[in-house]
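Printed here is my_file.pdb (PDB, C-alpha atoms):
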```
ATOM      1  CA  MET A   1      -8.557 -26.582  42.604
ATOM      2  CA  LEU A   2      -7.167 -30.064  42.100
ATOM      3  CA  THR A   3      -8.500 -32.151  39.253
ATOM      4  CA  LEU A   4      -8.033 -35.900  39.265
ATOM      5  CA  GLU A   5      -8.653 -37.901  36.122
ATOM      6  CA  PHE A   6      -9.108 -41.638  36.441
ATOM      7  CA  VAL A   7      -7.939 -43.640  33.438
ATOM      8  CA  PRO A   8      -9.230 -47.237  33.418
ATOM      9  CA  TYR A   9      -6.711 -49.750  32.095
ATOM     10  CA  HIS A  10      -8.919 -50.709  29.153
ATOM     11  CA  GLU A  11      -8.465 -47.174  27.776
ATOM     12  CA  ILE A  12      -4.756 -47.756  27.239
ATOM     13  CA  ALA A  13      -4.737 -51.535  26.833
ATOM     14  CA  ASN A  14      -4.845 -51.456  23.042
ATOM     15  CA  LEU A  15      -2.621 -48.421  22.539
ATOM     16  CA  SER A  16       1.012 -48.606  21.442
ATOM     17  CA  SER A  17       3.661 -47.584  23.972
ATOM     18  CA  ILE A  18       3.953 -44.154  22.358
ATOM     19  CA  GLY A  19       0.140 -43.857  22.362
ATOM     20  CA  ARG A  20      -0.053 -44.675  26.082
ATOM     21  CA  ILE A  21       2.653 -42.188  26.993
ATOM     22  CA  ARG A  22       1.079 -39.488  24.816
ATOM     23  CA  LYS A  23      -2.359 -40.002  26.333
ATOM     24  CA  LEU A  24      -1.146 -39.855  29.951
ATOM     25  CA  LEU A  25       1.236 -36.972  29.393
ATOM     26  CA  ASN A  26      -1.406 -34.937  27.579
ATOM     27  CA  ILE A  27      -3.713 -35.235  30.599
ATOM     28  CA  ALA A  28      -0.911 -34.212  32.983
ATOM     29  CA  LYS A  29      -0.088 -31.233  30.743
ATOM     30  CA  GLN A  30      -3.669 -30.048  31.232
ATOM     31  CA  ASN A  31      -2.753 -29.657  34.925
ATOM     32  CA  LYS A  32      -4.701 -32.737  35.944
ATOM     33  CA  ILE A  33      -3.482 -35.538  38.177
ATOM     34  CA  VAL A  34      -3.717 -38.862  36.380
ATOM     35  CA  LEU A  35      -4.828 -41.947  38.287
ATOM     36  CA  LEU A  36      -4.149 -44.869  35.999
ATOM     37  CA  GLU A  37      -5.573 -48.260  36.832
ATOM     38  CA  GLY A  38      -2.596 -50.606  36.664
ATOM     39  CA  ARG A  39       0.845 -49.666  35.472
ATOM     40  CA  LEU A  40       2.999 -49.075  32.444
ATOM     41  CA  LYS A  41       5.719 -51.483  31.404
ATOM     42  CA  LYS A  42       9.134 -50.642  32.869
ATOM     43  CA  GLU A  43      10.431 -49.532  29.460
ATOM     44  CA  GLU A  44       7.340 -47.339  29.049
ATOM     45  CA  GLU A  45       7.998 -45.725  32.439
ATOM     46  CA  ILE A  46      11.510 -44.685  31.405
ATOM     47  CA  GLU A  47      10.183 -43.577  28.002
ATOM     48  CA  LEU A  48       7.602 -41.455  29.816
ATOM     49  CA  ILE A  49      10.431 -39.728  31.698
ATOM     50  CA  LYS A  50      12.354 -39.218  28.437
ATOM     51  CA  THR A  51       9.333 -37.782  26.638
ATOM     52  CA  THR A  52       8.600 -35.540  29.620
ATOM     53  CA  MET A  53      12.134 -34.146  29.436
ATOM     54  CA  GLU A  54      11.699 -33.440  25.721
ATOM     55  CA  GLU A  55       8.623 -31.356  26.453
ATOM     56  CA  ILE A  56       9.795 -29.338  29.444
ATOM     57  CA  ASN A  57       9.559 -25.582  28.948
ATOM     58  CA  GLU A  58       8.749 -22.534  31.063
ATOM     59  CA  ASP A  59       5.117 -23.613  31.466
ATOM     60  CA  PHE A  60       5.556 -27.362  31.815
ATOM     61  CA  LYS A  61       8.121 -28.291  34.481
ATOM     62  CA  GLY A  62       7.750 -32.045  34.320
ATOM     63  CA  ILE A  63       5.881 -34.630  36.341
ATOM     64  CA  GLU A  64       5.795 -36.455  39.630
ATOM     65  CA  LEU A  65       5.352 -40.164  39.157
ATOM     66  CA  ALA A  66       4.517 -43.011  41.500
ATOM     67  CA  VAL A  67       3.498 -46.597  40.938
ATOM     68  CA  ILE A  68       1.910 -48.628  43.691
ATOM     69  CA  TYR A  69       2.104 -52.312  43.135
ATOM     70  CA  PRO A  70       1.797 -55.331  45.414
ATOM     71  CA  THR A  71       5.451 -56.206  45.718
ATOM     72  CA  LYS A  72       6.747 -59.704  45.255
ATOM     73  CA  ASN A  73       9.444 -59.089  47.843
ATOM     74  CA  ASP A  74       7.269 -59.096  50.905
ATOM     75  CA  SER A  75       5.924 -62.103  52.732
ATOM     76  CA  GLY A  76       6.550 -65.720  52.062
ATOM     77  CA  ILE A  77       6.583 -68.057  49.155
ATOM     78  CA  PHE A  78       2.773 -68.464  49.014
ATOM     79  CA  THR A  79       2.247 -64.706  48.684
ATOM     80  CA  LYS A  80       4.836 -64.622  45.917
ATOM     81  CA  MET A  81       3.129 -67.511  44.134
ATOM     82  CA  LYS A  82      -0.232 -65.792  44.504
ATOM     83  CA  THR A  83       1.186 -62.510  43.145
ATOM     84  CA  ASN A  84       2.833 -64.322  40.237
ATOM     85  CA  PHE A  85      -0.439 -66.066  39.426
ATOM     86  CA  VAL A  86      -2.463 -62.831  39.558
ATOM     87  CA  ASP A  87       0.277 -61.205  37.446
ATOM     88  CA  MET A  88      -0.134 -63.889  34.828
ATOM     89  CA  ILE A  89      -3.901 -63.412  34.680
ATOM     90  CA  ALA A  90      -4.179 -59.634  35.088
ATOM     91  CA  GLY A  91      -0.904 -58.499  33.487
ATOM     92  CA  ASN A  92      -0.214 -54.812  34.047
ATOM     93  CA  ARG A  93      -3.768 -54.155  35.235
ATOM     94  CA  LEU A  94      -2.685 -54.578  38.858
ATOM     95  CA  GLY A  95      -1.688 -51.596  40.975
ATOM     96  CA  LEU A  96      -2.142 -47.870  40.505
ATOM     97  CA  THR A  97      -0.045 -45.261  38.708
ATOM     98  CA  ILE A  98      -0.152 -41.601  39.702
ATOM     99  CA  ILE A  99       1.184 -38.971  37.329
ATOM    100  CA  GLY A 100       0.936 -35.375  38.497
ATOM    101  CA  PRO A 101       2.183 -32.207  36.817
ATOM    102  CA  ALA A 102       5.150 -30.856  38.785
ATOM    103  CA  SER A 103       3.498 -27.420  38.889
ATOM    104  CA  ILE A 104       0.774 -28.922  41.094
ATOM    105  CA  VAL A 105       2.296 -31.974  42.763
ATOM    106  CA  LYS A 106       5.345 -31.160  44.846
ATOM    107  CA  ALA A 107       6.198 -34.693  45.847
ATOM    108  CA  ILE A 108       4.781 -38.181  46.089
ATOM    109  CA  LYS A 109       6.157 -40.119  49.015
ATOM    110  CA  LYS A 110       5.548 -43.781  49.342
ATOM    111  CA  ASP A 111       6.682 -46.912  50.995
ATOM    112  CA  PRO A 112       5.395 -50.318  50.013
ATOM    113  CA  THR A 113       2.165 -49.903  51.991
ATOM    114  CA  LYS A 114       1.084 -46.271  51.697
ATOM    115  CA  ILE A 115       1.325 -43.242  49.458
ATOM    116  CA  GLN A 116       1.266 -39.523  50.275
ATOM    117  CA  LEU A 117       0.793 -36.791  47.713
ATOM    118  CA  TYR A 118       2.034 -33.289  48.548
ATOM    119  CA  THR A 119       0.720 -30.413  46.453
ATOM    120  CA  GLN A 120       2.455 -27.141  45.631
ATOM    121  CA  GLU A 121       1.476 -23.966  47.373
ATOM    122  CA  LEU A 122      -0.447 -22.151  44.653
ATOM    123  CA  LYS A 123      -0.862 -18.761  46.355
ATOM    124  CA  LYS A 124       2.169 -17.209  44.689
ATOM    125  CA  LYS A 125       1.098 -18.349  41.236
ATOM    126  CA  ALA A 126      -2.489 -17.195  41.788
ATOM    127  CA  ARG A 127      -1.215 -13.793  42.892
ATOM    128  CA  LYS A 128       0.877 -13.497  39.746
ATOM    129  CA  LYS A 129      -2.133 -14.158  37.537
ATOM    130  CA  LYS A 130      -4.182 -11.314  39.068
TER     131      LYS A 130
ATOM    132  CA  MET B   1      20.518 -66.082  49.923
ATOM    133  CA  ILE B   2      22.884 -63.129  49.450
ATOM    134  CA  ALA B   3      25.713 -65.533  48.618
ATOM    135  CA  PHE B   4      23.476 -67.228  46.071
ATOM    136  CA  ILE B   5      22.545 -63.916  44.426
ATOM    137  CA  SER B   6      26.162 -62.799  44.405
ATOM    138  CA  SER B   7      27.257 -66.083  42.870
ATOM    139  CA  PHE B   8      24.480 -65.896  40.271
ATOM    140  CA  ILE B   9      25.463 -62.364  39.253
ATOM    141  CA  SER B  10      29.096 -63.399  39.054
ATOM    142  CA  ARG B  11      28.211 -66.281  36.777
ATOM    143  CA  VAL B  12      26.185 -63.981  34.535
ATOM    144  CA  MET B  13      29.079 -61.529  34.451
ATOM    145  CA  ASN B  14      31.607 -64.217  33.605
ATOM    146  CA  THR B  15      29.474 -65.258  30.669
ATOM    147  CA  LEU B  16      28.828 -61.720  29.531
ATOM    148  CA  PHE B  17      32.307 -60.325  29.888
ATOM    149  CA  LYS B  18      34.429 -63.265  28.849
ATOM    150  CA  GLY B  19      36.871 -62.000  26.278
ATOM    151  CA  ARG B  20      35.482 -58.454  26.232
ATOM    152  CA  LYS B  21      37.876 -55.561  26.492
ATOM    153  CA  ASN B  22      35.747 -52.432  26.542
ATOM    154  CA  ILE B  23      33.294 -53.039  29.347
ATOM    155  CA  LYS B  24      31.254 -49.931  29.915
ATOM    156  CA  LEU B  25      30.477 -49.456  33.595
ATOM    157  CA  GLY B  26      27.772 -46.829  34.043
ATOM    158  CA  LEU B  27      27.088 -44.669  37.078
ATOM    159  CA  TYR B  28      23.363 -44.050  37.327
ATOM    160  CA  GLY B  29      20.985 -42.522  39.837
ATOM    161  CA  PRO B  30      18.973 -39.456  40.734
ATOM    162  CA  PRO B  31      20.616 -35.990  40.813
ATOM    163  CA  ASN B  32      22.919 -35.170  43.738
ATOM    164  CA  GLY B  33      23.333 -38.787  44.798
ATOM    165  CA  GLY B  34      27.112 -38.509  44.405
ATOM    166  CA  LYS B  35      27.750 -40.153  41.028
ATOM    167  CA  THR B  36      30.429 -37.698  39.950
ATOM    168  CA  THR B  37      31.978 -37.666  43.434
ATOM    169  CA  LEU B  38      32.305 -41.454  43.176
ATOM    170  CA  ALA B  39      33.563 -41.218  39.567
ATOM    171  CA  ASN B  40      36.205 -38.749  40.770
ATOM    172  CA  ARG B  41      37.139 -41.028  43.658
ATOM    173  CA  ILE B  42      37.613 -44.013  41.308
ATOM    174  CA  ALA B  43      39.474 -41.983  38.669
ATOM    175  CA  LYS B  44      41.700 -40.334  41.278
ATOM    176  CA  ASP B  45      42.457 -43.637  43.046
ATOM    177  CA  TRP B  46      43.394 -45.535  39.892
ATOM    178  CA  LEU B  47      44.361 -42.931  37.279
ATOM    179  CA  GLY B  48      45.458 -40.047  39.470
ATOM    180  CA  GLU B  49      43.059 -37.566  37.902
ATOM    181  CA  GLU B  50      39.469 -36.442  38.468
ATOM    182  CA  MET B  51      36.595 -36.814  36.040
ATOM    183  CA  GLY B  52      34.192 -33.930  36.560
ATOM    184  CA  THR B  53      33.132 -31.066  38.771
ATOM    185  CA  VAL B  54      30.751 -31.522  41.668
ATOM    186  CA  SER B  55      28.331 -29.016  43.137
ATOM    187  CA  ALA B  56      25.543 -28.734  45.684
ATOM    188  CA  ILE B  57      23.358 -27.358  42.884
ATOM    189  CA  PRO B  58      21.483 -30.231  41.250
ATOM    190  CA  HIS B  59      22.275 -31.254  37.655
ATOM    191  CA  GLU B  60      25.925 -30.228  37.773
ATOM    192  CA  THR B  61      26.674 -33.133  35.421
ATOM    193  CA  ARG B  62      24.650 -32.459  32.281
ATOM    194  CA  GLU B  63      26.472 -34.577  29.753
ATOM    195  CA  ILE B  64      27.830 -38.103  29.587
ATOM    196  CA  LYS B  65      31.477 -38.300  30.617
ATOM    197  CA  ILE B  66      33.666 -41.297  29.928
ATOM    198  CA  LYS B  67      36.993 -42.231  31.441
ATOM    199  CA  GLU B  68      38.526 -45.003  29.392
ATOM    200  CA  GLN B  69      40.574 -47.963  30.530
ATOM    201  CA  VAL B  70      40.263 -47.701  34.283
ATOM    202  CA  THR B  71      41.974 -50.698  35.856
ATOM    203  CA  ILE B  72      41.403 -51.509  39.500
ATOM    204  CA  LYS B  73      43.549 -54.078  41.274
ATOM    205  CA  SER B  74      43.432 -56.042  44.490
ATOM    206  CA  GLY B  75      46.137 -58.643  45.015
ATOM    207  CA  LYS B  76      46.076 -60.793  41.897
ATOM    208  CA  LYS B  77      42.611 -59.590  40.893
ATOM    209  CA  GLU B  78      42.270 -57.021  38.142
ATOM    210  CA  LEU B  79      39.241 -55.381  36.523
ATOM    211  CA  THR B  80      39.370 -53.009  33.550
ATOM    212  CA  PHE B  81      36.436 -50.919  32.351
ATOM    213  CA  ASN B  82      35.415 -47.652  30.742
ATOM    214  CA  LEU B  83      33.740 -45.585  33.439
ATOM    215  CA  VAL B  84      30.630 -43.752  32.230
ATOM    216  CA  ASP B  85      29.366 -40.933  34.453
ATOM    217  CA  THR B  86      25.811 -39.959  33.558
ATOM    218  CA  PRO B  87      23.586 -36.981  34.417
ATOM    219  CA  GLY B  88      21.113 -37.624  37.224
ATOM    220  CA  ILE B  89      17.733 -38.905  36.096
ATOM    221  CA  ALA B  90      14.758 -36.784  37.166
ATOM    222  CA  THR B  91      11.090 -36.486  36.217
ATOM    223  CA  LYS B  92      10.967 -32.706  36.607
ATOM    224  CA  ILE B  93      13.320 -29.781  36.085
ATOM    225  CA  ASP B  94      12.301 -26.267  37.082
ATOM    226  CA  TYR B  95      14.703 -23.445  36.268
ATOM    227  CA  GLU B  96      13.331 -21.531  39.279
ATOM    228  CA  ASP B  97      14.945 -24.126  41.548
ATOM    229  CA  PHE B  98      18.355 -23.064  40.203
ATOM    230  CA  ILE B  99      17.535 -19.417  40.885
ATOM    231  CA  LYS B 100      16.932 -20.412  44.518
ATOM    232  CA  HIS B 101      20.500 -21.770  44.506
ATOM    233  CA  GLY B 102      21.807 -18.341  43.521
ATOM    234  CA  LEU B 103      22.083 -18.605  39.733
ATOM    235  CA  SER B 104      20.841 -15.808  37.496
ATOM    236  CA  GLU B 105      17.629 -16.327  35.550
ATOM    237  CA  ARG B 106      19.555 -16.659  32.301
ATOM    238  CA  GLU B 107      22.014 -19.178  33.775
ATOM    239  CA  SER B 108      19.135 -21.089  35.362
ATOM    240  CA  LYS B 109      17.195 -21.418  32.112
ATOM    241  CA  LYS B 110      20.332 -22.535  30.282
ATOM    242  CA  ARG B 111      21.108 -25.069  33.012
ATOM    243  CA  ALA B 112      17.531 -26.392  32.929
ATOM    244  CA  LYS B 113      17.663 -26.840  29.153
ATOM    245  CA  GLU B 114      21.003 -28.646  29.335
ATOM    246  CA  ALA B 115      19.763 -30.760  32.248
ATOM    247  CA  THR B 116      16.724 -32.032  30.311
ATOM    248  CA  LYS B 117      19.006 -33.025  27.440
ATOM    249  CA  GLY B 118      21.322 -34.712  29.946
ATOM    250  CA  VAL B 119      18.489 -36.839  31.341
ATOM    251  CA  ILE B 120      17.499 -37.889  27.811
ATOM    252  CA  ASP B 121      21.113 -38.854  27.015
ATOM    253  CA  ALA B 122      21.438 -40.806  30.267
ATOM    254  CA  ILE B 123      18.293 -42.784  29.413
ATOM    255  CA  LYS B 124      19.525 -43.467  25.870
ATOM    256  CA  TRP B 125      22.815 -44.720  27.310
ATOM    257  CA  LEU B 126      21.022 -47.444  29.271
ATOM    258  CA  ASP B 127      21.268 -49.466  26.054
ATOM    259  CA  ASN B 128      25.042 -49.005  25.834
ATOM    260  CA  VAL B 129      26.274 -49.881  29.313
ATOM    261  CA  ASP B 130      27.315 -53.432  30.228
ATOM    262  CA  ALA B 131      27.014 -53.067  33.991
ATOM    263  CA  VAL B 132      25.765 -50.355  36.302
ATOM    264  CA  ILE B 133      26.553 -48.886  39.689
ATOM    265  CA  VAL B 134      23.385 -47.204  40.960
ATOM    266  CA  VAL B 135      24.409 -44.398  43.304
ATOM    267  CA  LEU B 136      21.780 -43.418  45.847
ATOM    268  CA  ASP B 137      21.863 -40.701  48.467
ATOM    269  CA  GLY B 138      21.444 -42.788  51.619
ATOM    270  CA  THR B 139      19.655 -39.940  53.399
ATOM    271  CA  LYS B 140      16.833 -39.938  50.842
ATOM    272  CA  ASP B 141      13.871 -42.242  50.374
ATOM    273  CA  PRO B 142      15.076 -45.251  48.349
ATOM    274  CA  PHE B 143      11.509 -46.011  47.215
ATOM    275  CA  SER B 144      11.386 -42.959  44.919
ATOM    276  CA  GLN B 145       9.907 -43.801  41.543
ATOM    277  CA  VAL B 146      13.048 -42.671  39.695
ATOM    278  CA  ASN B 147      15.085 -45.256  41.606
ATOM    279  CA  LEU B 148      12.499 -47.967  41.000
ATOM    280  CA  THR B 149      12.233 -47.101  37.308
ATOM    281  CA  ILE B 150      16.008 -47.091  36.758
ATOM    282  CA  ILE B 151      16.514 -50.381  38.586
ATOM    283  CA  GLY B 152      13.413 -51.927  36.990
ATOM    284  CA  ASN B 153      14.766 -51.103  33.550
ATOM    285  CA  LEU B 154      18.186 -52.514  34.361
ATOM    286  CA  ALA B 155      16.522 -55.698  35.614
ATOM    287  CA  ALA B 156      14.461 -55.930  32.413
ATOM    288  CA  ARG B 157      17.693 -55.630  30.400
ATOM    289  CA  ASN B 158      19.475 -58.199  32.616
ATOM    290  CA  THR B 159      22.169 -55.608  33.290
ATOM    291  CA  PRO B 160      24.281 -56.509  36.341
ATOM    292  CA  VAL B 161      23.836 -53.952  39.116
ATOM    293  CA  LEU B 162      25.677 -52.888  42.262
ATOM    294  CA  ILE B 163      23.833 -50.420  44.468
ATOM    295  CA  VAL B 164      25.864 -47.841  46.338
ATOM    296  CA  CYS B 165      24.260 -46.279  49.402
ATOM    297  CA  ASN B 166      26.280 -43.072  49.466
ATOM    298  CA  LYS B 167      26.902 -40.450  52.167
ATOM    299  CA  VAL B 168      27.272 -42.923  55.060
ATOM    300  CA  ASP B 169      29.213 -40.192  56.853
ATOM    301  CA  LEU B 170      25.828 -38.577  57.554
ATOM    302  CA  LYS B 171      23.755 -39.773  60.512
ATOM    303  CA  LYS B 172      20.478 -39.819  58.579
ATOM    304  CA  VAL B 173      21.651 -42.618  56.284
ATOM    305  CA  LYS B 174      19.642 -45.817  56.579
ATOM    306  CA  ILE B 175      21.447 -48.520  54.649
ATOM    307  CA  LYS B 176      19.012 -51.201  55.881
ATOM    308  CA  LYS B 177      16.178 -49.337  54.179
ATOM    309  CA  VAL B 178      18.094 -49.329  50.879
ATOM    310  CA  GLU B 179      18.811 -53.040  51.280
ATOM    311  CA  SER B 180      15.146 -53.765  51.950
ATOM    312  CA  ALA B 181      14.075 -51.691  48.933
ATOM    313  CA  PHE B 182      16.274 -53.692  46.543
ATOM    314  CA  PRO B 183      16.805 -57.128  48.102
ATOM    315  CA  GLN B 184      17.682 -58.653  44.732
ATOM    316  CA  TYR B 185      20.902 -56.611  44.440
ATOM    317  CA  PRO B 186      24.032 -56.246  46.557
ATOM    318  CA  VAL B 187      24.240 -52.923  48.423
ATOM    319  CA  VAL B 188      27.438 -51.336  49.685
ATOM    320  CA  GLY B 189      27.461 -48.299  51.958
ATOM    321  CA  ILE B 190      30.199 -45.728  51.349
ATOM    322  CA  SER B 191      31.054 -42.066  51.555
ATOM    323  CA  ALA B 192      32.428 -41.206  48.119
ATOM    324  CA  LYS B 193      33.376 -37.762  49.397
ATOM    325  CA  PHE B 194      35.515 -38.960  52.307
ATOM    326  CA  GLY B 195      36.483 -42.383  50.996
ATOM    327  CA  THR B 196      34.769 -44.204  53.860
ATOM    328  CA  ARG B 197      34.528 -47.962  53.177
ATOM    329  CA  ILE B 198      35.802 -47.397  49.645
ATOM    330  CA  ASP B 199      37.871 -50.613  49.855
ATOM    331  CA  GLU B 200      34.654 -52.534  50.511
ATOM    332  CA  PHE B 201      33.222 -50.896  47.407
ATOM    333  CA  TYR B 202      36.165 -52.023  45.244
ATOM    334  CA  GLU B 203      35.890 -55.552  46.654
ATOM    335  CA  ALA B 204      32.179 -55.517  45.817
ATOM    336  CA  LEU B 205      33.049 -54.519  42.237
ATOM    337  CA  PHE B 206      35.295 -57.583  41.973
ATOM    338  CA  THR B 207      32.620 -59.842  43.416
ATOM    339  CA  VAL B 208      29.770 -58.540  41.319
ATOM    340  CA  PHE B 209      31.467 -57.616  38.046
ATOM    341  CA  ARG B 210      34.407 -60.030  37.799
TER     342      ARG B 210
END
```
Turn the structure described in the file into structure tokens.
Amino acid sequence: MLTLEFVPYHEIANLSSIGRIRKLLNIAKQNKIVLLEGRLKKEEEIELIKTTMEEINEDFKGIELAVIYPTKNDSGIFTKMKTNFVDMIAGNRLGLTIIGPASIVKAIKKDPTKIQLYTQELKKKARKKK
Amino acid sequence: MIAFISSFISRVMNTLFKGRKNIKLGLYGPPNGGKTTLANRIAKDWLGEEMGTVSAIPHETREIKIKEQVTIKSGKKELTFNLVDTPGIATKIDYEDFIKHGLSERESKKRAKEATKGVIDAIKWLDNVDAVIVVLDGTKDPFSQVNLTIIGNLAARNTPVLIVCNKVDLKKVKIKKVESAFPQYPVVGISAKFGTRIDEFYEALFTVFR
């Protein structure tokens, strides 16, 4: 069974970078897929990867990570201006971040307009547990 | 637009590197993109010796390797740097994947442990490099989050970047897709393994990092 946990941005807004990473990683380590409203800062994203690597063991294999964000590269100058303006007002609240434990999420494929989440085949693991 | 970006990067580089002797040029990217193959190509072309071993098994490079004082030349142009080959950055490492590649369980667990440390070291080294060549496997999706996170962090640090779309010898490579994923950076398509368009790559180094 897949469990998704939605984390509204206000739940991480006042946390330190370490606090944000800890909170999101702890949820993923409970074998839940995190749906975070908005996104982490770029330096927090790389720190999340670093912290994940520090915690990898035989039970926790890491994460799959994807950030969907209205890109500034597409469309014309007015779209860019609009995105910049919304950025200024909303900060990192825009977009959606998906963090899935690698034991459950096999891959997240995306292009700028859509996202596809592929889950692991759990039969083998379920059989082992019996 | 491309000319403007190229000129802008060059100006930044001139300011940054003026008078500096030990420029550290990092090779970054996801595992199996061809970083070490490219490092070997550069080291072999200009120093006559290779830098590291390559393998089809991911995470062959698990520690930072540095080749000092590499000087590349083209006519009167000359560029000297310390070449830093880094382990591939990944968000997950499963020792069972190495078993599937034929390694024993013990070897696989050891490799996985070393690989996680390698990723951590590569991330720490982002603070030490002066310029970066991001090496991407041109047959893979350029929009992967690892690519976006690496390049986003380099942009946040104002680190000059050249993107290499590697493995152009393979039909599946879509260089246009890489270019559209990172329009703010110059992209050069090469085959590090066979040396295809390697001269274009060296010229791009002069343009971007001079």
| task | Pick out the residues sitting within 9 Å of segment 40-44 of chain B, and hand them over as a PyMOL selection string; count all atoms listed in the file, and ignore anything fewer than 2 positions along from it in its own chain. | result | chain B and resi 35-38+46-53+67+70+72+83+192-193+195+198
At a cut-off of 6 Å, list the chain A residues touching chain B, using only C-alpha atoms, as a CSV table (one decimal) with C-alpha atoms, keeping the file's coordinate frame.
```
chain,number,residue,atom,x,y,z
A,42,LYS,CA,9.1,-50.6,32.9
A,49,ILE,CA,10.4,-39.7,31.7
A,50,LYS,CA,12.4,-39.2,28.4
A,53,MET,CA,12.1,-34.1,29.4
A,61,LYS,CA,8.1,-28.3,34.5
A,62,GLY,CA,7.8,-32.0,34.3
A,63,ILE,CA,5.9,-34.6,36.3
A,66,ALA,CA,4.5,-43.0,41.5
```
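With atom CA of Glu37 of chain A on one side and atom CA of Gly95 of chain A on the other, the separation reads 6.6 Å.
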| Ground truth for the PyMOL selection byres ((chain A and resi 1) around 10), written as a VMD selection string | chain A and resid 2 to 4 32 104 122
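Going from atom CA of Val105 of chain A over to atom CA of Pro8 of chain A, you cover 21.3 Å.
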| field | Distance in Å - atom CA of Ala13 of chain A versus atom CA of Lys114 of chain A | value | 26.1 Å
| message | Can you translate the PyMOL selection byres ((chain A and resi 120) around 9) into the concrete residues it hits in this file, as an MDAnalysis selection string? | response | chainID A and resid 102:107 118:119 121:122
| message | I'd like the contact shell of Lys41 of chain A - 9 Å cut-off, all atoms listed in the file, skipping same-chain residues fewer than 5 positions apart - returned as a ChimeraX atom specification. | response | /A:17,46,92
Please write the residues from the selection above to a file, keeping C-alpha atoms, as a PDB file, in the frame of the given file.
```pdb
ATOM      1  CA  SER A  17       3.661 -47.584  23.972  1.00  0.00           C
ATOM      2  CA  ILE A  46      11.510 -44.685  31.405  1.00  0.00           C
ATOM      3  CA  ASN A  92      -0.214 -54.812  34.047  1.00  0.00           C
TER       4      ASN A  92
END
```
| query | Which polymer residues, protein or nucleic acid, are no farther than 7 Å from (16.2, -37.1, 44.9), counting all atoms listed in the file, as number ranges by chain? | reply | B: 30-31, 140
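Among B:Ala56, B:Thr139, B:Thr196, B:Leu27, the residue with the shortest atom-to-atom distance to Lys171 of chain B, counting all atoms listed in the file, is B:Thr139.
Shortest atom-to-atom contact with Ile56 of chain A among A:Ile33, A:Leu94, A:Pro101, A:Gln116: A:Pro101, counting all atoms listed in the file.
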| query | Once the PyMOL selection byres ((chain A and resi 12) around 10) has been applied to the shown file, what residues remain in the selection, as a PyMOL selection string? | reply | chain A and resi 7-11+13-17+19-21+23-24+36-37+40
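For Phe98 of chain B, the residues within 9 Å (counting all atoms listed in the file, excluding itself and residues fewer than 3 positions away along the chain) are Ile57, Pro58, Asp94, Tyr95, His101, Gly102, Leu103, Ser104, Glu105, Glu107, Ser108, Lys109, Arg111 and Ala112 of chain B.
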Write the residues you've just listed into a file as a PDB file, in the coordinates of the input, and include C-alpha atoms for each of them.
```pdb
ATOM      1  CA  ILE B  57      23.358 -27.358  42.884  1.00  0.00           C
ATOM      2  CA  PRO B  58      21.483 -30.231  41.250  1.00  0.00           C
ATOM      3  CA  ASP B  94      12.301 -26.267  37.082  1.00  0.00           C
ATOM      4  CA  TYR B  95      14.703 -23.445  36.268  1.00  0.00           C
ATOM      5  CA  HIS B 101      20.500 -21.770  44.506  1.00  0.00           C
ATOM      6  CA  GLY B 102      21.807 -18.341  43.521  1.00  0.00           C
ATOM      7  CA  LEU B 103      22.083 -18.605  39.733  1.00  0.00           C
ATOM      8  CA  SER B 104      20.841 -15.808  37.496  1.00  0.00           C
ATOM      9  CA  GLU B 105      17.629 -16.327  35.550  1.00  0.00           C
ATOM     10  CA  GLU B 107      22.014 -19.178  33.775  1.00  0.00           C
ATOM     11  CA  SER B 108      19.135 -21.089  35.362  1.00  0.00           C
ATOM     12  CA  LYS B 109      17.195 -21.418  32.112  1.00  0.00           C
ATOM     13  CA  ARG B 111      21.108 -25.069  33.012  1.00  0.00           C
ATOM     14  CA  ALA B 112      17.531 -26.392  32.929  1.00  0.00           C
TER      15      ALA B 112
END
```
